[in-house]
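Everything below belongs to coords-v6.cif, which stores mmCIF, C-alpha atoms.
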data_upload
#
loop_
_atom_site.label_atom_id
_atom_site.label_comp_id
_atom_site.auth_asym_id
_atom_site.auth_seq_id
_atom_site.Cartn_x
_atom_site.Cartn_y
_atom_site.Cartn_z
CA MET A 1 24.18 -4.98 -3.30
CA THR A 2 22.14 -2.97 -5.74
CA LEU A 3 19.62 -0.63 -4.26
CA HIS A 4 18.17 0.59 -7.52
CA GLN A 5 14.73 -0.76 -8.27
CA PRO A 6 12.99 1.11 -11.07
CA ASN A 7 9.50 0.09 -9.94
CA LYS A 8 10.00 1.47 -6.44
CA SER A 9 9.59 5.03 -5.29
CA LEU A 10 9.04 6.85 -2.03
CA ALA A 11 6.52 9.60 -1.34
CA LEU A 12 6.86 11.66 1.81
CA LEU A 13 3.52 13.19 2.74
CA ASN A 14 3.97 16.25 4.95
CA SER A 15 1.00 17.26 7.09
CA LYS A 16 2.46 19.44 9.84
CA ALA A 17 3.39 23.14 9.99
CA PRO A 18 7.17 23.68 10.25
CA TYR A 19 7.98 25.19 13.64
CA ALA A 20 6.04 23.52 16.46
CA ASN A 21 7.57 20.05 16.06
CA ASN A 22 10.26 18.13 14.17
CA ALA A 23 7.98 16.27 11.76
CA GLY A 24 9.01 18.29 8.70
CA LYS A 25 12.72 18.00 9.52
CA ASP A 26 12.38 14.25 10.16
CA ALA A 27 10.71 13.82 6.76
CA LEU A 28 13.36 16.01 5.10
CA ASP A 29 16.16 13.87 6.57
CA ILE A 30 14.57 10.77 5.03
CA ALA A 31 14.20 12.54 1.67
CA LEU A 32 17.87 13.58 1.59
CA VAL A 33 19.16 10.11 2.54
CA PHE A 34 16.93 8.41 -0.05
CA GLY A 35 18.05 11.02 -2.59
CA SER A 36 21.72 10.39 -1.86
CA PHE A 37 21.11 6.63 -2.34
CA GLU A 38 19.61 7.51 -5.75
CA GLN A 39 16.13 6.37 -4.75
CA ALA A 40 13.21 8.00 -6.56
CA THR A 41 11.75 10.34 -3.93
CA ALA A 42 8.91 12.84 -4.06
CA LEU A 43 7.57 15.28 -1.49
CA PHE A 44 3.89 16.05 -0.99
CA PHE A 45 2.42 18.82 1.16
CA GLN A 46 -1.15 18.65 2.42
CA GLY A 47 -3.09 20.24 5.29
CA ASP A 48 -0.88 22.35 7.56
CA GLY A 49 2.10 20.79 5.74
CA VAL A 50 1.67 23.47 3.03
CA TYR A 51 3.02 26.06 5.49
CA GLN A 52 6.46 24.45 5.07
CA LEU A 53 6.59 25.86 1.53
CA MET A 54 5.47 29.42 2.10
CA GLN A 55 7.77 32.30 1.19
CA GLY A 56 9.19 34.71 3.80
CA GLN A 57 9.30 32.50 6.90
CA ASP A 58 12.17 32.77 9.38
CA GLY A 59 12.49 30.25 12.21
CA ASP A 60 15.54 32.09 13.59
CA ILE A 61 13.21 34.73 15.04
CA ILE A 62 11.75 32.10 17.39
CA SER A 63 15.06 30.20 17.90
CA VAL A 64 14.04 27.28 15.67
CA LYS A 65 16.77 25.99 13.37
CA ASP A 66 15.45 26.78 9.94
CA TYR A 67 15.54 23.46 8.10
CA LEU A 68 13.35 24.96 5.38
CA LYS A 69 16.45 26.58 3.85
CA THR A 70 17.67 23.06 3.01
CA PHE A 71 14.75 22.69 0.56
CA SER A 72 16.80 24.73 -1.91
CA ALA A 73 19.31 21.83 -2.03
CA PHE A 74 16.76 19.35 -3.47
CA GLU A 75 18.30 19.56 -6.94
CA PHE A 76 21.65 18.28 -5.61
CA TYR A 77 19.82 15.19 -4.34
CA ASP A 78 17.87 14.74 -7.58
CA ILE A 79 14.60 15.48 -5.81
CA GLU A 80 12.53 17.13 -8.51
CA ASP A 81 8.98 16.18 -7.60
CA VAL A 82 7.44 18.54 -5.04
CA TYR A 83 3.66 18.73 -4.97
CA VAL A 84 1.26 20.81 -2.94
CA CYS A 85 -2.48 20.30 -2.45
CA GLN A 86 -4.41 23.23 -3.93
CA GLN A 87 -7.39 22.58 -1.66
CA SER A 88 -5.18 22.98 1.43
CA LEU A 89 -3.84 26.31 0.09
CA ILE A 90 -7.38 27.59 -0.57
CA GLU A 91 -8.63 26.53 2.88
CA ARG A 92 -5.79 28.58 4.44
CA GLY A 93 -6.15 31.60 2.16
CA LEU A 94 -2.63 31.12 0.77
CA ALA A 95 -1.33 32.20 -2.62
CA SER A 96 1.14 30.04 -4.58
CA ASP A 97 4.10 32.01 -3.24
CA PHE A 98 6.75 29.42 -2.35
CA HIS A 99 10.36 29.67 -1.20
CA ILE A 100 11.53 27.07 -3.73
CA GLU A 101 10.84 27.01 -7.43
CA GLN A 102 9.95 23.50 -8.46
CA VAL A 103 6.63 23.27 -6.55
CA GLN A 104 3.66 21.99 -8.52
CA VAL A 105 0.17 22.90 -7.31
CA LEU A 106 -2.27 20.04 -7.92
CA ASN A 107 -6.02 19.94 -7.48
CA GLN A 108 -7.47 17.37 -5.10
CA HIS A 109 -7.92 14.68 -7.75
CA ASP A 110 -4.49 15.10 -9.34
CA PHE A 111 -2.79 15.30 -5.92
CA ALA A 112 -4.35 11.96 -4.94
CA SER A 113 -3.47 10.41 -8.31
CA LYS A 114 0.14 11.57 -8.18
CA LEU A 115 0.56 10.46 -4.55
CA THR A 116 -0.69 6.98 -5.29
CA THR A 117 1.75 6.40 -8.14
CA HIS A 118 4.35 5.75 -5.41
CA SER A 119 4.96 2.29 -4.01
CA THR A 120 5.83 3.51 -0.52
CA ILE A 121 4.25 6.42 1.33
CA LEU A 122 5.36 7.73 4.71
CA ARG A 123 3.39 10.52 6.38
CA PHE A 124 4.79 13.05 8.83
CA MET B 125 7.18 -14.92 -0.34
CA ASN B 126 5.76 -11.43 0.30
CA LYS B 127 8.18 -9.24 2.23
CA LEU B 128 7.07 -6.70 4.80
CA ALA B 129 8.94 -3.95 6.67
CA VAL B 130 7.49 -1.75 9.42
CA VAL B 131 8.41 1.80 10.50
CA ILE B 132 7.58 2.62 14.13
CA THR B 133 7.16 6.30 15.03
CA THR B 134 4.86 5.72 18.03
CA PRO B 135 6.38 5.90 21.56
CA PRO B 136 6.02 3.03 24.05
CA TYR B 137 3.82 5.06 26.41
CA SER B 138 1.12 5.49 23.76
CA ASN B 139 -1.58 2.81 23.66
CA LEU B 140 -1.32 3.01 19.86
CA ILE B 141 1.88 0.97 20.10
CA ILE B 142 -0.17 -2.08 21.15
CA THR B 143 -1.82 -2.04 17.71
CA ALA B 144 1.60 -1.96 16.06
CA LEU B 145 2.79 -4.92 18.13
CA ASN B 146 -0.39 -6.90 17.40
CA TYR B 147 0.02 -6.20 13.68
CA ILE B 148 3.65 -7.32 13.75
CA GLU B 149 2.81 -10.45 15.69
CA ALA B 150 0.02 -11.28 13.24
CA ALA B 151 2.50 -10.83 10.38
CA LEU B 152 5.03 -13.13 12.08
CA HIS B 153 2.35 -15.82 12.34
CA SER B 154 1.35 -15.47 8.69
CA ASP B 155 3.05 -16.65 5.50
CA ILE B 156 4.61 -13.20 5.10
CA GLU B 157 8.29 -12.55 5.69
CA LEU B 158 8.79 -9.64 8.08
CA ILE B 159 12.28 -8.45 7.14
CA GLY B 160 12.70 -5.80 9.82
CA VAL B 161 11.33 -3.00 11.97
CA PHE B 162 12.79 0.52 11.81
CA PHE B 163 12.37 2.83 14.83
CA TYR B 164 12.23 6.56 14.10
CA GLN B 165 11.08 9.76 15.84
CA ASP B 166 9.56 8.98 19.28
CA GLY B 167 9.44 5.33 18.23
CA VAL B 168 13.10 5.00 19.27
CA LEU B 169 11.98 5.19 22.92
CA ASN B 170 10.79 1.59 22.51
CA ALA B 171 14.48 0.60 22.74
CA ASN B 172 15.03 2.30 26.11
CA SER B 173 15.73 -0.47 28.62
CA LYS B 174 15.16 1.93 31.55
CA VAL B 175 11.51 2.62 30.69
CA GLN B 176 9.44 1.47 33.67
CA LEU B 177 5.87 0.38 33.17
CA ALA B 178 3.56 -0.63 36.01
CA SER B 179 3.42 -4.42 36.20
CA ASP B 180 -0.34 -4.50 35.53
CA GLU B 181 0.06 -2.45 32.30
CA PHE B 182 0.78 -3.73 28.80
CA GLN B 183 4.51 -4.58 28.74
CA THR B 184 5.50 -2.86 25.50
CA ILE B 185 9.25 -2.93 26.05
CA LYS B 186 9.38 -6.60 27.03
CA ARG B 187 7.20 -7.50 24.06
CA TRP B 188 9.70 -6.06 21.57
CA GLN B 189 12.51 -7.92 23.27
CA ALA B 190 10.51 -11.18 23.21
CA LEU B 191 9.72 -10.79 19.50
CA HIS B 192 13.41 -10.31 18.80
CA GLU B 193 14.40 -13.39 20.82
CA GLN B 194 11.61 -15.64 19.61
CA TYR B 195 11.62 -14.73 15.90
CA HIS B 196 15.08 -13.13 15.45
CA LEU B 197 13.16 -10.09 14.24
CA PRO B 198 15.65 -7.35 13.27
CA LEU B 199 14.94 -4.17 15.28
CA HIS B 200 16.77 -1.20 13.72
CA LEU B 201 17.21 1.94 15.78
CA CYS B 202 17.80 5.32 14.14
CA ILE B 203 20.69 6.41 16.34
CA THR B 204 20.35 10.13 15.49
CA ALA B 205 16.74 10.09 16.72
CA ALA B 206 17.80 8.04 19.78
CA GLU B 207 20.63 10.41 20.76
CA LYS B 208 18.23 13.35 20.57
CA ARG B 209 16.19 11.53 23.21
CA GLY B 210 19.09 10.80 25.57
CA MET B 211 19.92 7.30 24.33
CA SER B 212 23.47 6.71 23.16
CA ASP B 213 25.67 3.66 22.51
CA GLU B 214 28.94 5.54 23.02
CA ASN B 215 29.42 5.09 26.76
CA ASP B 216 28.82 1.56 28.06
CA ALA B 217 28.10 2.80 31.56
CA ASP B 218 25.00 4.75 30.64
CA ASN B 219 23.95 2.87 27.53
CA LEU B 220 20.14 2.75 27.74
CA ILE B 221 19.68 0.91 24.45
CA HIS B 222 18.53 -2.67 24.91
CA PRO B 223 20.82 -5.18 23.11
CA ALA B 224 17.85 -6.55 21.14
CA PHE B 225 18.07 -3.37 19.05
CA THR B 226 20.63 -2.78 16.30
CA ILE B 227 22.19 0.67 16.02
CA SER B 228 21.55 1.98 12.54
CA GLY B 229 20.60 5.01 10.53
CA LEU B 230 18.35 6.13 7.71
CA GLY B 231 20.50 4.17 5.22
CA GLU B 232 18.96 1.06 6.77
CA LEU B 233 15.49 2.43 6.02
CA VAL B 234 16.56 2.76 2.37
CA GLU B 235 17.57 -0.88 2.36
CA LEU B 236 14.36 -2.04 4.07
CA SER B 237 12.22 -0.05 1.67
CA THR B 238 14.02 -1.44 -1.39
CA SER B 239 13.93 -5.05 -0.13
CA ALA B 240 10.34 -5.07 1.13
CA ASP B 241 7.22 -5.35 -1.02
CA ARG B 242 5.34 -3.20 1.51
CA LEU B 243 6.52 -0.67 4.08
CA VAL B 244 3.91 0.10 6.74
CA GLN B 245 4.10 2.93 9.28
CA PHE B 246 2.70 2.70 12.80
CA MET C 247 -3.98 -0.13 -8.36
CA THR C 248 -5.54 0.35 -4.96
CA THR C 249 -4.44 1.91 -1.69
CA LEU C 250 -4.97 0.68 1.85
CA HIS C 251 -5.66 3.59 4.20
CA ILE C 252 -5.10 2.90 7.89
CA VAL C 253 -6.89 5.59 9.92
CA ARG C 254 -5.85 5.79 13.58
CA GLN C 255 -7.17 9.13 14.86
CA SER C 256 -10.62 10.50 15.59
CA ALA C 257 -11.78 13.21 13.17
CA PHE C 258 -13.35 14.88 16.21
CA THR C 259 -9.76 15.62 17.31
CA THR C 260 -7.49 15.83 14.25
CA SER C 261 -7.79 16.50 10.51
CA ASP C 262 -6.03 13.25 9.53
CA PHE C 263 -9.25 11.58 8.39
CA ALA C 264 -10.37 14.69 6.47
CA GLN C 265 -7.05 14.54 4.57
CA CYS C 266 -7.53 10.83 3.98
CA LEU C 267 -10.94 11.57 2.46
CA GLN C 268 -9.28 14.06 0.05
CA THR C 269 -6.94 11.32 -1.12
CA VAL C 270 -9.08 8.20 -1.24
CA LYS C 271 -10.04 6.77 -4.64
CA ASP C 272 -12.47 4.24 -6.07
CA SER C 273 -11.80 0.65 -4.96
CA ASP C 274 -9.52 1.73 -2.12
CA CYS C 275 -9.92 0.20 1.33
CA ILE C 276 -10.10 2.21 4.56
CA VAL C 277 -9.35 0.34 7.78
CA PHE C 278 -10.18 2.09 11.04
CA THR C 279 -8.00 1.20 13.99
CA ASP C 280 -7.69 2.68 17.49
CA ASP C 281 -9.59 6.01 17.88
CA GLY C 282 -10.02 6.01 14.10
CA CYS C 283 -13.01 3.73 14.76
CA TYR C 284 -14.94 6.77 16.06
CA ASN C 285 -14.93 8.13 12.49
CA LEU C 286 -17.54 5.55 11.53
CA THR C 287 -20.13 7.79 13.22
CA HIS C 288 -18.50 11.14 12.28
CA PRO C 289 -20.58 13.31 9.90
CA CYS C 290 -17.64 13.66 7.48
CA ILE C 291 -17.81 10.00 6.52
CA LYS C 292 -20.96 10.94 4.56
CA GLN C 293 -18.69 13.04 2.27
CA LEU C 294 -17.32 9.82 0.81
CA SER C 295 -18.28 10.07 -2.85
CA VAL C 296 -16.17 7.15 -4.08
CA GLN C 297 -16.76 3.43 -3.75
CA VAL C 298 -14.50 2.21 -1.01
CA GLU C 299 -14.51 -0.65 1.41
CA LEU C 300 -14.83 0.39 5.07
CA LYS C 301 -13.41 -1.97 7.66
CA ALA C 302 -12.61 -1.71 11.34
CA ILE C 303 -10.57 -3.87 13.70
CA ILE C 304 -13.15 -5.83 15.68
CA GLU C 305 -11.43 -5.54 19.08
CA HIS C 306 -10.99 -1.79 18.63
CA VAL C 307 -14.69 -1.35 17.84
CA ASN C 308 -15.91 -3.58 20.66
CA ALA C 309 -13.60 -2.03 23.26
CA ARG C 310 -15.09 1.38 22.47
CA ALA C 311 -18.72 0.15 22.43
CA ILE C 312 -19.19 1.50 18.89
CA ASN C 313 -22.41 0.40 17.22
CA LEU C 314 -21.86 -0.42 13.54
CA THR C 315 -25.54 -1.08 12.78
CA ASN C 316 -26.08 2.16 10.82
CA THR C 317 -22.67 2.16 9.16
CA LYS C 318 -21.37 0.53 5.99
CA ALA C 319 -18.39 -0.93 7.80
CA THR C 320 -17.53 -4.54 8.44
CA THR C 321 -15.18 -5.79 11.12
CA ILE C 322 -11.89 -7.56 10.49
CA THR C 323 -9.16 -9.16 12.59
CA MET C 324 -5.52 -8.12 12.75
CA ASN C 325 -4.67 -11.17 10.58
CA GLU C 326 -7.00 -9.81 7.92
CA LEU C 327 -5.29 -6.40 8.11
CA VAL C 328 -1.95 -8.10 7.44
CA ALA C 329 -3.47 -9.89 4.44
CA LEU C 330 -5.00 -6.60 3.15
CA THR C 331 -1.51 -5.05 3.22
CA PHE C 332 -0.62 -7.32 0.30
CA GLN C 333 -4.02 -7.42 -1.43
CA THR C 334 -3.64 -3.67 -2.05
CA ASP C 335 -0.74 -1.95 -3.83
CA ARG C 336 0.41 0.49 -1.16
CA VAL C 337 -0.38 1.61 2.36
CA ILE C 338 -0.88 5.08 3.87
CA THR C 339 -1.12 5.36 7.65
CA TRP C 340 -3.07 8.44 8.74
CA GLN C 341 -1.86 9.08 12.28
#

Before anything else, please render the file you have as structure tokens.
Amino acid sequence: MTLHQPNKSLALLNSKAPYANNAGKDALDIALVFGSFEQATALFFQGDGVYQLMQGQDGDIISVKDYLKTFSAFEFYDIEDVYVCQQSLIERGLASDFHIEQVQVLNQHDFASKLTTHSTILRF
Amino acid sequence: MNKLAVVITTPPYSNLIITALNYIEAALHSDIELIGVFFYQDGVLNANSKVQLASDEFQTIKRWQALHEQYHLPLHLCITAAEKRGMSDENDADNLIHPAFTISGLGELVELSTSADRLVQF
Amino acid sequence: MTTLHIVRQSAFTTSDFAQCLQTVKDSDCIVFTDDGCYNLTHPCIKQLSVQVELKAIIEHVNARAINLTNTKATTITMNELVALTFQTDRVITWQ
């Protein structure tokens, strides 16, 4: 069985803040499995999802297992495409101060264009 | 033939699941091949055979089982998400997972997404 | 290359539809299902600056007694939603 299909790619669209529920972790688990199967996978952060990327957070303080630390392992899974919606950052008064390096800030138009280059989109 | 796969993240006690079931049934009656359904997050609760719904309510659980029996529709259960919600296949005595569902993991989602022309989330 | 947007939540309750509106592009199709049908009368639908098709599941509209007279939406059946899944290039479910 060959799983590699060059015309197929997955986008995970994250819309929830990290600590109140498991949505971000559930999306991350999908990203890592798709990455380990060598599937083209990209992560997008929009709305409250942008909070998952912000520098200086610590879930341990509120007894939440800090899955955000796993983001630094993206390179080992060949996940290089991480995009954040600039509009969502502006609405929340956030600077581009992220806890991983390869984040690309895209304006509304470019964020939409990049997202819709993917054949499959799951939103969490 | 166009191939479709569906990801279910909606629990059986939400009325939104009726829409998912209606969509799937419409797909089964069309000229599309529905290659499988993957249950993730709270969606895994749809496999819990001990869920009790009042007899005059929409019978979500029975509907999944009927679709599996009638159309041999593959129902894939993310076991990690199921175990988190008290459903395990390890001990036969308290196995809550209905036999219509196949124990699987996110690797199955990879296969569904590569085989299907469209993957739709409900 | 067009996208099918399935909108399932009311914008009076969640920001899902607002985020959909940030993402939608010319020639896309938005289908309102469930409480998403209430968005047809939400003020934010007037922000739509691109040419998109607006559709709503007929049973979901009728069950909620939503009047489509002053909207640009047309009603479709679940069979038509299945067909739209393959007439477009990808699907995003906003729920």

Would you give me, as a VMD selection string, the residues of chain C that come within 7 Å of chain B, using only C-alpha atoms?
chain C and resid 280 324 to 325 328 336 to 337 339

Hey, what's within 12 Å of Gln165 in chain B if we count only C-alpha atoms and toss same-chain stuff fewer than 6 positions away? As a ChimeraX atom specification, please?
/A:21-27,29-30,124 /B:131-136,171,201-209,229-230,245-246

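Nearest-residue note for chain A: choosing from B:Gln189, B:Val161, B:Asp166, B:Asp180, the minimum distance belongs to B:Asp166, counting only C-alpha atoms.
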
Selection near Gln341 in chain C, 8 Å with all atoms listed in the file, sequence-local residues under 4 positions removed, as a ChimeraX atom specification
/B:246 /C:253-255,262

Would you mind exporting C-alpha atoms of the selected residues as a PDB file, in the coordinates of the input?
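Generated output (again-v7.pdb):
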ATOM      1  CA  PHE B 246       2.700   2.700  12.800  1.00  0.00           C
TER       2      PHE B 246
ATOM      3  CA  VAL C 253      -6.890   5.590   9.920  1.00  0.00           C
ATOM      4  CA  ARG C 254      -5.850   5.790  13.580  1.00  0.00           C
ATOM      5  CA  GLN C 255      -7.170   9.130  14.860  1.00  0.00           C
ATOM      6  CA  ASP C 262      -6.030  13.250   9.530  1.00  0.00           C
TER       7      ASP C 262
END

As an exercise, work out the distance from CA of Asp78 in chain A to CA of His99 in chain A in Å and give it to one decimal place.
17.9 Å

List the neighbours of Thr321 in chain C out to 9 Å using only C-alpha atoms; skip same-chain residues closer than 6 positions along the sequence, and give me the result as a PyMOL selection string.
chain C and resi 300-305+307+314

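Atom to atom, CA of Phe98 in chain A and CA of Thr259 in chain C stand 29.1 Å apart.
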
Contact table chain C vs chain A, cut-off 10 Å, shortest pair per residue, only C-alpha atoms, as CSV:
residue,atom,partner,partner_atom,distance
C:Met247,CA,A:Thr116,CA,8.4
C:Thr248,CA,A:Thr116,CA,8.2
C:Thr249,CA,A:Thr116,CA,7.3
C:Ser261,CA,A:Gly47,CA,8.0
C:Asp262,CA,A:Ser15,CA,8.5
C:Ala264,CA,A:Gly47,CA,9.2
C:Gln265,CA,A:Gly47,CA,7.0
C:Cys266,CA,A:Ala112,CA,9.5
C:Leu267,CA,A:Ala112,CA,9.9
C:Gln268,CA,A:Gln108,CA,6.4
C:Thr269,CA,A:Ala112,CA,4.7
C:Val270,CA,A:Ala112,CA,7.1
C:Lys271,CA,A:Ala112,CA,7.7
C:Asp335,CA,A:Ser119,CA,7.1
C:Arg336,CA,A:Ser119,CA,5.7
C:Val337,CA,A:Ile121,CA,6.8
C:Ile338,CA,A:Ile121,CA,5.9
C:Thr339,CA,A:Arg123,CA,7.0
C:Trp340,CA,A:Arg123,CA,7.2
C:Gln341,CA,A:Arg123,CA,8.0

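One finds CA of Glu214 in chain B at 25.7 Å from CA of Leu177 in chain B.
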
Nearest to chain B by atom-to-atom distance, counting only C-alpha atoms, from A:Leu28, A:Ile61, A:Ala20, A:Leu68:
A:Leu28

Report as a PDB file with C-alpha atoms, keeping the file's coordinate frame the residues that result from applying the PyMOL selection byres ((chain A and resi 39) around 10) to the structure here.
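Written out: expr-v6.pdb:
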ATOM      1  CA  LEU A   3      19.620  -0.630  -4.260  1.00  0.00           C
ATOM      2  CA  HIS A   4      18.170   0.590  -7.520  1.00  0.00           C
ATOM      3  CA  GLN A   5      14.730  -0.760  -8.270  1.00  0.00           C
ATOM      4  CA  PRO A   6      12.990   1.110 -11.070  1.00  0.00           C
ATOM      5  CA  LYS A   8      10.000   1.470  -6.440  1.00  0.00           C
ATOM      6  CA  SER A   9       9.590   5.030  -5.290  1.00  0.00           C
ATOM      7  CA  LEU A  10       9.040   6.850  -2.030  1.00  0.00           C
ATOM      8  CA  ALA A  31      14.200  12.540   1.670  1.00  0.00           C
ATOM      9  CA  LEU A  32      17.870  13.580   1.590  1.00  0.00           C
ATOM     10  CA  VAL A  33      19.160  10.110   2.540  1.00  0.00           C
ATOM     11  CA  PHE A  34      16.930   8.410  -0.050  1.00  0.00           C
ATOM     12  CA  GLY A  35      18.050  11.020  -2.590  1.00  0.00           C
ATOM     13  CA  SER A  36      21.720  10.390  -1.860  1.00  0.00           C
ATOM     14  CA  PHE A  37      21.110   6.630  -2.340  1.00  0.00           C
ATOM     15  CA  GLU A  38      19.610   7.510  -5.750  1.00  0.00           C
ATOM     16  CA  ALA A  40      13.210   8.000  -6.560  1.00  0.00           C
ATOM     17  CA  THR A  41      11.750  10.340  -3.930  1.00  0.00           C
ATOM     18  CA  ALA A  42       8.910  12.840  -4.060  1.00  0.00           C
ATOM     19  CA  TYR A  77      19.820  15.190  -4.340  1.00  0.00           C
ATOM     20  CA  ASP A  78      17.870  14.740  -7.580  1.00  0.00           C
ATOM     21  CA  ILE A  79      14.600  15.480  -5.810  1.00  0.00           C
TER      22      ILE A  79
ATOM     23  CA  VAL B 234      16.560   2.760   2.370  1.00  0.00           C
ATOM     24  CA  SER B 237      12.220  -0.050   1.670  1.00  0.00           C
ATOM     25  CA  THR B 238      14.020  -1.440  -1.390  1.00  0.00           C
TER      26      THR B 238
END

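Against this structure, the PyMOL selection byres ((chain C and resi 310) around 10) ends up with Asp280, Asp281, Cys283, Tyr284, Glu305, His306, Val307, Asn308, Ala309, Ala311, Ile312 and Asn313 of chain C.
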
Out of B:Met211, B:Ile141, B:Met125, B:Leu233, which residue has the shortest atom-to-atom distance to Lys174 in chain B when counting all atoms listed in the file?
B:Met211

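The smallest atom-to-atom distance between chain B and any of A:Ser72, A:Val64, A:Asn7, A:Phe44, using all atoms listed in the file, is found for A:Asn7.
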
Residues returned when the PyMOL selection byres ((chain B and resi 222) around 6) runs on this file, as a PyMOL selection string
chain B and resi 171+173+221+223-225

So which residues fall inside 6 Å of (-1.3, 20.2, -6.2) if we count only C-alpha atoms? Mind giving them as a PyMOL selection string?
chain A and resi 83-86+104-107+111

Nearest to chain A, chosen from B:Asn172, B:Ile159, B:Tyr164, B:Trp188, with all atoms listed in the file counted in the distances:
B:Tyr164
